[in-house]
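Trainee: Structure file final_27.cif (mmCIF, C-alpha atoms) right here:
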data_upload
loop_
_atom_site.label_atom_id
_atom_site.label_comp_id
_atom_site.auth_asym_id
_atom_site.auth_seq_id
_atom_site.Cartn_x
_atom_site.Cartn_y
_atom_site.Cartn_z
CA MET E 1 0.00 0.00 0.00
CA THR E 2 1.17 3.51 -0.77
CA PRO E 3 1.68 5.85 2.22
CA SER E 4 -1.00 8.52 2.58
CA GLY E 5 -0.19 11.93 1.15
CA SER E 6 0.97 14.73 3.40
CA GLN E 7 -1.02 17.97 3.73
CA THR E 8 -0.12 21.25 5.41
CA VAL E 9 -0.93 21.93 9.06
CA GLY E 10 -2.31 25.26 7.84
CA PRO E 11 -2.21 28.41 9.97
CA PHE E 12 -4.81 27.43 12.59
CA PHE E 13 -3.36 24.36 14.31
CA ASN E 14 -2.54 25.69 17.75
CA PHE E 15 -5.76 24.74 19.59
CA GLY E 16 -5.31 21.23 18.24
CA LEU E 17 -1.57 20.61 18.48
CA THR E 18 0.26 23.12 20.66
CA ALA E 19 -2.17 23.90 23.47
CA ASN E 20 0.02 21.92 25.90
CA ALA E 21 2.96 24.21 26.71
CA ALA E 22 4.47 21.45 28.87
CA LEU E 23 5.77 19.93 25.63
CA GLY E 24 8.41 22.67 25.67
CA THR E 25 10.12 20.80 28.51
CA LEU E 26 11.91 17.59 27.54
CA ALA E 27 14.00 17.27 30.67
CA GLY E 28 12.19 16.91 33.99
CA PRO E 29 13.80 18.12 37.25
CA GLY E 30 15.59 14.80 37.78
CA ALA E 31 16.98 14.39 34.26
CA ARG E 32 20.65 13.52 33.99
CA GLY E 33 23.08 15.57 31.92
CA LYS E 34 23.98 19.12 31.07
CA ARG E 35 20.87 21.30 31.16
CA ILE E 36 20.49 23.54 28.14
CA ARG E 37 17.86 25.58 26.35
CA LEU E 38 17.32 25.40 22.60
CA ARG E 39 16.04 28.61 21.06
CA PHE E 40 14.64 28.34 17.55
CA ARG E 41 13.84 31.10 15.08
CA VAL E 42 12.03 30.33 11.82
CA PHE E 43 12.36 32.61 8.78
CA ASP E 44 10.78 32.40 5.34
CA GLY E 45 12.42 33.30 2.04
CA THR E 46 11.72 37.02 2.49
CA GLY E 47 13.65 36.99 5.77
CA ALA E 48 10.43 37.50 7.74
CA PRO E 49 9.86 35.41 10.86
CA SER E 50 7.06 32.86 10.73
CA PRO E 51 4.55 34.60 13.00
CA GLY E 52 2.93 31.93 15.09
CA ASP E 53 2.14 29.70 12.14
CA ALA E 54 5.05 27.31 12.36
CA MET E 55 5.48 24.39 14.72
CA ILE E 56 8.73 22.76 15.81
CA GLU E 57 8.93 19.18 17.02
CA LEU E 58 12.05 17.69 18.58
CA TRP E 59 13.13 14.09 19.08
CA GLN E 60 16.41 13.52 20.86
CA ALA E 61 18.35 10.95 22.82
CA ASP E 62 19.04 11.36 26.53
CA ALA E 63 22.38 12.48 27.93
CA GLU E 64 23.81 8.98 27.40
CA GLY E 65 22.60 8.75 23.80
CA ARG E 66 19.64 6.44 24.49
CA TYR E 67 16.18 6.63 22.98
CA PRO E 68 13.26 5.32 25.08
CA HIS E 69 12.14 3.07 22.23
CA ALA E 70 12.06 -0.64 21.42
CA GLU E 71 14.40 -0.20 18.42
CA ASP E 72 17.19 1.06 20.68
CA PRO E 73 19.07 -1.88 22.29
CA GLN E 74 19.90 0.52 25.16
CA GLY E 75 16.34 1.86 25.31
CA ALA E 76 15.40 0.09 28.53
CA GLN E 77 18.10 2.06 30.35
CA ALA E 78 16.96 5.43 28.98
CA ASP E 79 16.59 8.20 31.55
CA PRO E 80 13.02 8.01 32.93
CA HIS E 81 13.09 11.74 33.71
CA PHE E 82 13.71 12.63 30.09
CA GLN E 83 10.92 12.31 27.51
CA GLY E 84 12.83 12.92 24.26
CA PHE E 85 9.90 14.61 22.53
CA GLY E 86 9.11 18.31 22.38
CA ARG E 87 6.62 20.41 20.47
CA LEU E 88 5.99 24.16 20.43
CA GLU E 89 4.50 26.74 18.08
CA THR E 90 6.53 29.79 17.11
CA SER E 91 5.67 33.10 18.77
CA PRO E 92 4.55 36.18 16.79
CA GLU E 93 8.31 36.83 16.41
CA GLY E 94 8.88 33.36 14.98
CA VAL E 95 10.62 32.10 18.13
CA CYS E 96 10.23 29.14 20.46
CA GLU E 97 12.44 27.78 23.21
CA PHE E 98 12.78 24.28 24.71
CA GLU E 99 14.25 23.10 28.01
CA THR E 100 16.31 19.99 27.59
CA VAL E 101 19.71 18.40 28.22
CA LYS E 102 22.54 18.01 25.77
CA PRO E 103 22.04 14.64 24.06
CA GLY E 104 24.71 11.96 24.15
CA ARG E 105 26.22 10.22 21.17
CA VAL E 106 24.01 7.77 19.28
CA PRO E 107 25.32 4.82 17.23
CA GLY E 108 25.61 5.51 13.51
CA PRO E 109 25.93 3.25 10.48
CA GLY E 110 28.82 0.80 10.22
CA GLY E 111 29.96 1.00 13.81
CA THR E 112 30.36 4.77 13.74
CA SER E 113 29.17 7.11 16.46
CA GLN E 114 27.08 10.16 15.69
CA ALA E 115 27.86 13.55 17.14
CA PRO E 116 25.33 14.89 19.66
CA HIS E 117 22.30 16.04 17.68
CA VAL E 118 18.61 16.82 18.00
CA ASN E 119 16.18 15.69 15.29
CA VAL E 120 13.98 18.62 14.27
CA ILE E 121 10.73 18.67 12.29
CA VAL E 122 9.29 21.91 10.92
CA PHE E 123 5.59 22.24 10.14
CA ALA E 124 3.99 25.43 8.84
CA ARG E 125 1.39 27.05 6.69
CA GLY E 126 2.82 26.82 3.20
CA LEU E 127 4.58 23.50 3.83
CA LEU E 128 2.58 20.74 2.18
CA ARG E 129 5.09 18.29 3.71
CA HIS E 130 6.95 18.78 6.94
CA LEU E 131 10.70 19.34 6.80
CA HIS E 132 13.33 17.31 8.66
CA THR E 133 16.58 18.83 9.79
CA ARG E 134 19.12 18.21 12.56
CA LEU E 135 20.57 20.50 15.19
CA TYR E 136 24.25 19.97 16.05
CA PHE E 137 26.27 21.86 18.62
CA ALA E 138 28.89 24.28 17.27
CA GLY E 139 32.36 23.51 18.55
CA ASP E 140 31.67 19.89 19.49
CA ALA E 141 34.78 17.87 18.60
CA ALA E 142 32.61 14.96 17.41
CA ASN E 143 31.07 17.00 14.59
CA GLU E 144 34.10 16.51 12.36
CA HIS E 145 33.51 12.75 12.08
CA ASP E 146 29.71 12.71 12.17
CA PRO E 147 28.46 10.41 9.37
CA VAL E 148 25.44 12.60 8.60
CA LEU E 149 27.17 15.98 8.71
CA ASN E 150 29.72 14.55 6.30
CA LEU E 151 26.93 13.94 3.76
CA VAL E 152 26.35 17.70 3.67
CA PRO E 153 28.44 19.92 1.37
CA ALA E 154 31.00 21.65 3.59
CA ALA E 155 29.77 25.12 2.67
CA ARG E 156 26.28 24.34 4.01
CA ARG E 157 27.17 22.52 7.23
CA ALA E 158 27.12 25.69 9.30
CA THR E 159 23.34 25.90 8.84
CA LEU E 160 23.05 22.81 11.07
CA LEU E 161 25.12 24.22 13.93
CA ALA E 162 23.40 25.84 16.90
CA ALA E 163 25.34 28.77 18.33
CA PRO E 164 26.13 28.92 22.04
CA GLY E 165 24.85 31.91 23.97
CA GLU E 166 24.61 33.02 27.59
CA ASP E 167 22.94 30.92 30.28
CA ASN E 168 23.32 27.65 28.33
CA VAL E 169 21.01 28.84 25.57
CA TRP E 170 21.80 27.49 22.10
CA GLN E 171 20.38 29.45 19.18
CA PHE E 172 19.27 27.65 16.01
CA ASP E 173 17.93 29.62 13.06
CA ILE E 174 15.83 27.80 10.49
CA ARG E 175 15.79 29.53 7.11
CA LEU E 176 13.25 27.85 4.90
CA GLN E 177 14.56 29.43 1.72
CA GLY E 178 17.14 31.83 0.31
CA GLY E 179 20.61 32.78 1.48
CA HIS E 180 21.94 30.43 4.17
CA GLU E 181 18.95 28.16 3.59
CA THR E 182 18.95 25.45 6.24
CA VAL E 183 19.90 21.97 5.10
CA PHE E 184 16.83 19.72 5.08
CA PHE E 185 16.89 15.96 4.83
CA ASP E 186 14.89 13.48 2.81
CA LEU E 187 14.12 10.54 5.04
CA MET I 1 12.63 -5.57 11.43
CA ILE I 2 10.69 -2.73 9.84
CA ILE I 3 12.17 -1.04 6.79
CA TYR I 4 11.16 2.26 5.29
CA PRO I 5 11.50 2.23 1.49
CA PRO I 6 11.49 5.59 -0.33
CA VAL I 7 7.98 6.92 -0.90
CA PRO I 8 6.60 6.21 -4.39
CA PRO I 9 6.87 9.15 -6.80
CA GLY I 10 3.71 11.24 -7.03
CA SER I 11 2.26 10.11 -3.71
CA GLN I 12 3.57 13.13 -1.80
CA PRO I 13 3.28 16.83 -2.65
CA PRO I 14 6.34 18.84 -3.67
CA TYR I 15 7.44 21.72 -1.47
CA LEU I 16 6.90 24.31 -4.21
CA HIS I 17 3.37 24.05 -5.57
CA THR I 18 2.72 27.28 -7.47
CA PRO I 19 -1.10 27.30 -7.15
CA TYR I 20 -0.71 27.32 -3.33
CA GLY I 21 0.66 30.82 -2.77
CA SER I 22 2.13 30.26 0.69
CA THR I 23 4.62 27.77 -0.73
CA HIS I 24 6.39 30.49 -2.77
CA HIS I 25 8.44 31.87 0.09
CA ARG I 26 8.57 28.74 2.21
CA ALA I 27 9.59 25.94 -0.13
CA PRO I 28 13.31 25.16 0.15
CA ARG I 29 15.11 25.82 -3.13
CA GLN I 30 18.11 23.62 -2.41
CA PRO I 31 17.75 19.89 -2.96
CA LEU I 32 17.06 17.84 0.15
CA ILE I 33 19.90 15.57 1.24
CA THR I 34 19.05 11.88 1.46
CA LEU I 35 19.57 10.66 4.99
CA PRO I 36 20.32 6.98 5.57
CA HIS I 37 18.16 5.86 8.47
CA THR I 38 20.06 5.67 11.73
CA LEU I 39 18.74 4.91 15.19
CA SER I 40 17.59 8.54 15.32
CA GLU I 41 15.19 8.00 12.40
CA ARG I 42 14.11 4.45 13.28
CA THR I 43 12.98 5.50 16.75
CA GLY I 44 10.33 8.07 17.57
CA PRO I 45 8.04 9.40 20.29
CA VAL I 46 6.02 6.68 22.02
CA TYR I 47 2.74 7.78 23.47
CA GLY I 48 1.76 4.79 25.58
CA HIS I 49 2.27 6.65 28.85
CA ASN I 50 0.14 9.66 27.89
CA PRO I 51 -3.37 8.93 29.09
CA ILE I 52 -6.21 9.55 26.66
CA GLY I 53 -9.36 10.84 28.32
CA GLU I 54 -12.68 9.07 27.92
CA THR I 55 -14.21 11.81 25.76
CA ASP I 56 -11.03 12.85 23.92
CA ASN I 57 -12.32 11.20 20.73
CA ASP I 58 -15.82 12.69 21.00
CA LEU I 59 -15.64 16.36 20.02
CA THR I 60 -19.37 16.77 20.65
CA ARG I 61 -18.96 16.13 24.39
CA HIS I 62 -16.31 18.67 25.38
CA PHE I 63 -18.86 21.17 26.71
CA PRO I 64 -22.05 20.78 28.74
CA GLU I 65 -24.21 21.37 25.66
CA ALA I 66 -24.02 19.87 22.19
CA PRO I 67 -22.40 21.86 19.39
CA GLN I 68 -24.32 23.11 16.36
CA GLY I 69 -24.12 21.21 13.11
CA GLU I 70 -24.35 17.77 11.57
CA ARG I 71 -23.02 15.10 13.93
CA ILE I 72 -20.80 12.54 12.20
CA ILE I 73 -18.68 9.52 13.06
CA VAL I 74 -15.27 9.17 11.41
CA ALA I 75 -13.60 5.80 11.80
CA GLY I 76 -10.93 3.78 10.09
CA ARG I 77 -7.64 2.00 10.48
CA VAL I 78 -4.06 3.15 10.56
CA LEU I 79 -2.06 0.73 8.40
CA ASP I 80 1.52 0.15 7.34
CA GLU I 81 2.58 -0.44 3.75
CA ASP I 82 1.91 -4.17 4.13
CA GLY I 83 -1.69 -3.39 5.13
CA ARG I 84 -1.15 -4.42 8.73
CA GLY I 85 -2.83 -2.36 11.44
CA VAL I 86 -0.53 -0.05 13.43
CA PRO I 87 -1.51 -0.38 17.11
CA GLY I 88 -0.82 2.30 19.70
CA ALA I 89 -0.55 5.15 17.20
CA LEU I 90 -1.56 8.58 18.46
CA VAL I 91 -4.12 10.21 16.17
CA GLU I 92 -4.78 13.92 16.71
CA LEU I 93 -7.63 15.70 14.94
CA TRP I 94 -8.48 19.37 14.63
CA GLN I 95 -11.00 21.22 12.49
CA ALA I 96 -13.26 24.21 11.82
CA ASN I 97 -16.79 24.24 13.22
CA ALA I 98 -20.00 23.66 11.25
CA ALA I 99 -19.92 27.26 10.02
CA GLY I 100 -16.37 26.98 8.72
CA ARG I 101 -14.68 28.92 11.53
CA TYR I 102 -11.66 27.82 13.55
CA ARG I 103 -11.34 28.64 17.21
CA HIS I 104 -8.16 30.58 16.52
CA ALA I 105 -7.33 34.23 17.25
CA ARG I 106 -6.34 34.97 13.66
CA ASP I 107 -9.26 33.31 11.90
CA ASN I 108 -11.31 36.36 10.92
CA HIS I 109 -13.84 34.62 8.66
CA PRO I 110 -17.17 36.33 9.51
CA ALA I 111 -18.89 33.11 10.54
CA PRO I 112 -20.07 32.39 14.07
CA LEU I 113 -17.96 30.64 16.69
CA ASP I 114 -19.77 27.91 18.58
CA PRO I 115 -19.38 28.16 22.37
CA ASN I 116 -19.90 24.39 22.57
CA PHE I 117 -17.24 23.39 20.08
CA LEU I 118 -13.46 23.52 20.38
CA GLY I 119 -12.69 21.32 17.39
CA ALA I 120 -9.77 19.27 18.72
CA GLY I 121 -9.62 15.63 19.76
CA ARG I 122 -7.33 12.65 19.93
CA ALA I 123 -7.37 8.88 20.00
CA VAL I 124 -4.91 5.99 20.19
CA THR I 125 -5.33 3.11 17.75
CA ASP I 126 -6.43 -0.26 19.13
CA ASP I 127 -4.73 -3.62 18.57
CA GLU I 128 -5.96 -3.73 14.95
CA GLY I 129 -4.97 -0.14 14.21
CA GLY I 130 -8.56 1.07 14.50
CA TYR I 131 -9.61 4.55 15.61
CA ARG I 132 -12.94 6.34 15.89
CA PHE I 133 -14.05 9.96 16.38
CA THR I 134 -17.45 11.52 16.86
CA THR I 135 -17.55 15.14 15.74
CA ILE I 136 -19.42 17.75 13.69
CA LYS I 137 -19.09 18.01 9.94
CA PRO I 138 -16.93 21.10 9.36
CA GLY I 139 -18.03 23.86 7.00
CA ALA I 140 -16.16 25.04 3.93
CA TYR I 141 -14.48 28.42 4.36
CA PRO I 142 -12.93 31.13 2.19
CA TRP I 143 -9.22 31.91 2.11
CA ARG I 144 -7.17 34.48 0.26
CA ASN I 145 -5.06 32.18 -1.89
CA HIS I 146 -6.72 33.34 -5.13
CA PRO I 147 -9.95 35.17 -6.06
CA ASN I 148 -13.04 33.46 -4.63
CA ALA I 149 -10.96 30.68 -3.08
CA TRP I 150 -12.70 28.21 -0.75
CA ARG I 151 -11.27 25.26 1.09
CA PRO I 152 -13.39 22.11 0.81
CA ALA I 153 -14.66 20.80 4.16
CA HIS I 154 -11.82 18.89 5.79
CA LEU I 155 -10.49 17.43 9.03
CA HIS I 156 -6.81 17.81 9.94
CA PHE I 157 -5.10 14.61 11.10
CA SER I 158 -1.73 14.27 12.83
CA LEU I 159 -0.22 10.82 13.39
CA PHE I 160 2.76 9.32 15.16
CA GLY I 161 3.63 5.80 14.06
CA PRO I 162 6.53 3.77 15.40
CA ALA I 163 9.36 6.01 14.14
CA LEU I 164 10.43 9.52 13.22
CA VAL I 165 10.10 8.36 9.60
CA THR I 166 6.38 7.61 10.00
CA ARG I 167 5.34 11.07 11.19
CA LEU I 168 2.39 12.26 9.12
CA VAL I 169 0.15 15.32 9.05
CA THR I 170 -2.64 15.17 6.51
CA GLN I 171 -6.24 16.21 5.82
CA MET I 172 -9.39 14.19 5.28
CA TYR I 173 -12.01 15.33 2.79
CA PHE I 174 -15.66 14.38 2.25
CA PRO I 175 -17.04 12.52 -0.78
CA ASN I 176 -18.73 14.41 -3.62
CA ASP I 177 -17.56 17.85 -2.49
CA PRO I 178 -17.59 20.15 -5.55
CA LEU I 179 -14.73 22.21 -4.07
CA ILE I 180 -12.28 19.30 -4.15
CA PRO I 181 -11.18 19.66 -7.80
CA LEU I 182 -10.56 23.39 -7.20
CA ASP I 183 -8.41 22.98 -4.08
CA PRO I 184 -4.69 23.76 -4.46
CA VAL I 185 -3.82 22.03 -1.17
CA LEU I 186 -5.17 18.60 -2.11
CA GLY I 187 -4.17 19.39 -5.69
CA GLY I 188 -0.56 19.54 -4.52
CA ILE I 189 -0.44 15.74 -4.53
CA PRO I 190 0.49 14.81 -8.11
CA ASP I 191 -1.02 11.33 -8.30
CA ALA I 192 -4.82 11.21 -8.74
CA ALA I 193 -5.16 7.91 -6.87
CA ALA I 194 -3.17 9.34 -3.96
CA ARG I 195 -5.48 12.37 -3.86
CA GLU I 196 -8.51 10.11 -3.89
CA ARG I 197 -7.21 8.22 -0.84
CA LEU I 198 -7.55 11.42 1.22
CA VAL I 199 -11.28 11.52 0.44
CA SER I 200 -13.27 9.55 2.99
CA SER I 201 -16.14 7.31 1.95
CA PHE I 202 -19.66 7.24 3.32
CA ASP I 203 -20.13 3.97 5.23
CA LEU I 204 -23.51 2.69 6.35
CA ALA I 205 -21.78 0.20 8.65
CA ILE I 206 -20.22 3.08 10.61
CA THR I 207 -23.43 5.12 10.49
CA GLN I 208 -25.28 4.91 13.80
CA PRO I 209 -29.08 4.63 13.42
CA GLU I 210 -31.06 7.65 14.62
CA TRP I 211 -27.79 9.37 15.54
CA ALA I 212 -25.01 10.13 13.04
CA LEU I 213 -23.75 9.46 9.51
CA GLY I 214 -20.51 7.50 9.32
CA TYR I 215 -17.43 8.03 7.17
CA ARG I 216 -14.51 5.66 6.70
CA PHE I 217 -10.97 7.01 6.44
CA ASP I 218 -7.99 4.64 6.42
CA ILE I 219 -4.50 6.08 6.73
CA VAL I 220 -1.31 4.39 5.54
CA LEU I 221 1.97 5.16 7.29
CA ARG I 222 5.41 4.38 5.92
CA GLY I 223 7.03 1.10 6.84
CA ARG I 224 6.88 -2.54 5.87
CA ARG I 225 8.25 -5.80 7.12
CA ALA I 226 11.63 -6.68 5.70
CA THR I 227 11.81 -9.89 3.64
CA PRO I 228 14.94 -11.78 2.53
CA PHE I 229 14.46 -10.28 -0.94
CA GLU I 230 14.60 -6.71 0.25
CA GLU I 231 17.56 -4.75 1.43
CA PRO I 232 17.17 -1.80 3.78
CA ARG I 233 17.58 1.54 2.11
CA PRO I 234 21.34 2.23 1.86
#
Please lay out the structure from this file as structure tokens.

Mentor:
Amino acid sequence: MTPSGSQTVGPFFNFGLTANAALGTLAGPGARGKRIRLRFRVFDGTGAPSPGDAMIELWQADAEGRYPHAEDPQGAQADPHFQGFGRLETSPEGVCEFETVKPGRVPGPGGTSQAPHVNVIVFARGLLRHLHTRLYFAGDAANEHDPVLNLVPAARRATLLAAPGEDNVWQFDIRLQGGHETVFFDL
Amino acid sequence: MIIYPPVPPGSQPPYLHTPYGSTHHRAPRQPLITLPHTLSERTGPVYGHNPIGETDNDLTRHFPEAPQGERIIVAGRVLDEDGRGVPGALVELWQANAAGRYRHARDNHPAPLDPNFLGAGRAVTDDEGGYRFTTIKPGAYPWRNHPNAWRPAHLHFSLFGPALVTRLVTQMYFPNDPLIPLDPVLGGIPDAAARERLVSSFDLAITQPEWALGYRFDIVLRGRRATPFEEPRP
């Protein structure tokens, strides 16, 4: 059977999908690891922020690189105080911010190890299909050998790097189109 | 092991679909980079621990009084590409009310809001992948995409299957709606058969006597069982 076709979330999803602001917190009080905040900004091809009509979803491993999921051989040991999933709408300024911990390294293909990363999905009015990207942490020594980052032309890799700021906030700009367009992945 | 073959050409909309104006400044212009599936893509949010309330799948019972409009039942199965039911999938639904108005601060369509209708619900599929909602048939509504543009009546669906790869947001339409051939959102899907699969069918078996018409809507998520003749996507 052929998978069902994707359709846009449209502009009016928030009462259905993002009413629960608790989904901005991935790491509960007892979660292990380095506590950080991830601050997203979403821009369209005109450079304008997406005013409240984009949604960001996150899926990330815990601080030891484990996903609480049957496919992960280490999943049973995943941190019970960490839920891995986040979802927020963008503000009128196109911004949203998650509380989480820095993810650990996850196994990659062929015995490799992936650099710490957060899987990011972008939904918005004007996107008939959602977009997948990945957030990596600028300056992390593991980035150089990451098997996925190395699939990306060197000149575009910087679009996948979150920038460190004050108070453990990492800033990640998503540019849907145009100069410095974010790298998106076909899964 | 579940594998996730590439989606068949034509079954999914492109990012740039000129008749849908909002895609012009939001569609990426650079080619997407093919990502071999790692543990990050083969895992995904599991919703088993999030309790679903008793009336979460009945949008007509979220307020003390019944909402205005035509009560309907929408039911179906969530399937994988082998046609097997996907159990434990979270299905979220949201929609406009019977007059074609969303309960959203920026929906300024001059149609009445209904104090007894929010328009959001959710369900988790049963062991056979089945789900069921009771709701109100949404109205068509105008939008500014092109002159005299109207969206056909539709329900928004959001689904989490077993993996990041199976995430799906789509829309369900109603049979015999004259607005369907004019709609640039559904029209974004190139393949006619794929468009048709987003149109529900009237089903007398789902219809509840003296109560509500029933519509069937099955949803297929990515993923199939690996066989010795198939290799996982490189």

Trainee: Looking at only C-alpha atoms, which of E:Ala141, E:Ile174, E:Leu128, E:Leu187 is the one that sits closest to His24 (chain I)?

Mentor: E:Leu128

Trainee: One decimal, in Å: what's the spacing between CA of Gly47 (chain E) and CA of Ala105 (chain I)?

Mentor: 24.1 Å

Trainee: Taking all atoms listed in the file into account, produce a table as a Markdown table in which each residue of chain I with an atom at most 7 Å from an atom of chain E appears once, together with its shortest atom pair and the distance in Å to one decimal, ordered by chain and rising number.

Mentor:
| residue | atom | partner | partner_atom | distance |
| --- | --- | --- | --- | --- |
| I:Ser11 | CA | E:Gly5 | CA | 5.7 |
| I:Gln12 | CA | E:Gly5 | CA | 4.9 |
| I:Pro13 | CA | E:Leu128 | CA | 6.3 |
| I:Tyr15 | CA | E:Leu128 | CA | 6.2 |
| I:Ser22 | CA | E:Gly126 | CA | 4.3 |
| I:Thr23 | CA | E:Gly126 | CA | 4.4 |
| I:His25 | CA | E:Gly45 | CA | 4.7 |
| I:Arg26 | CA | E:Asp44 | CA | 5.3 |
| I:Ala27 | CA | E:Gln177 | CA | 6.3 |
| I:Pro28 | CA | E:Gln177 | CA | 4.7 |
| I:Arg29 | CA | E:Gln177 | CA | 6.1 |
| I:Leu32 | CA | E:Phe185 | CA | 5.0 |
| I:Ile33 | CA | E:Phe185 | CA | 4.7 |
| I:Thr34 | CA | E:Asp186 | CA | 4.7 |
| I:Leu35 | CA | E:Leu187 | CA | 5.5 |
| I:Thr38 | CA | E:Gly108 | CA | 5.8 |
| I:Leu39 | CA | E:Asp72 | CA | 6.9 |
| I:Arg42 | CA | E:Glu71 | CA | 6.9 |
| I:Thr43 | CA | E:His69 | CA | 6.1 |
| I:Gly44 | CA | E:Trp59 | CA | 6.8 |
| I:Pro45 | CA | E:Phe85 | CA | 6.0 |
| I:Glu81 | CA | E:Met1 | CA | 4.6 |
| I:Asp82 | CA | E:Met1 | CA | 6.2 |
| I:Gly83 | CA | E:Met1 | CA | 6.4 |
| I:Leu93 | CA | E:Gly16 | CA | 6.8 |
| I:Trp94 | CA | E:Gly16 | CA | 5.2 |
| I:Tyr102 | CA | E:Phe12 | CA | 6.9 |
| I:His104 | CA | E:Phe12 | CA | 6.0 |
| I:Ala120 | CA | E:Gly16 | CA | 4.9 |
| I:Val165 | CA | E:Leu187 | CA | 6.5 |
| I:Leu168 | CA | E:Ser6 | CA | 6.4 |
| I:Val169 | CA | E:Ser6 | CA | 5.7 |
| I:Thr170 | CA | E:Gln7 | CA | 4.3 |
| I:Gln171 | CA | E:Gln7 | CA | 5.9 |
| I:Val185 | CA | E:Gln7 | CA | 7.0 |
| I:Ile189 | CA | E:Gly5 | CA | 6.8 |
| I:Ala194 | CA | E:Gly5 | CA | 6.5 |
| I:Ile219 | CA | E:Ser4 | CA | 6.0 |
| I:Val220 | CA | E:Pro3 | CA | 4.7 |
| I:Leu221 | CA | E:Pro3 | CA | 5.1 |
| I:Arg222 | CA | E:Pro3 | CA | 5.5 |

Trainee: Counting all atoms listed in the file, which of E:Pro29, E:Asp53, E:Ala21, E:Pro80 gets nearest to Asp107 (chain I)?

Mentor: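 Answer, going by the shortest atom-to-atom distance: E:Asp53.
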
Trainee: Quick one: pull the distance between CA of Asp177 (chain I) and CA of Ala140 (chain I), Å, one decimal.

Mentor: 9.7 Å
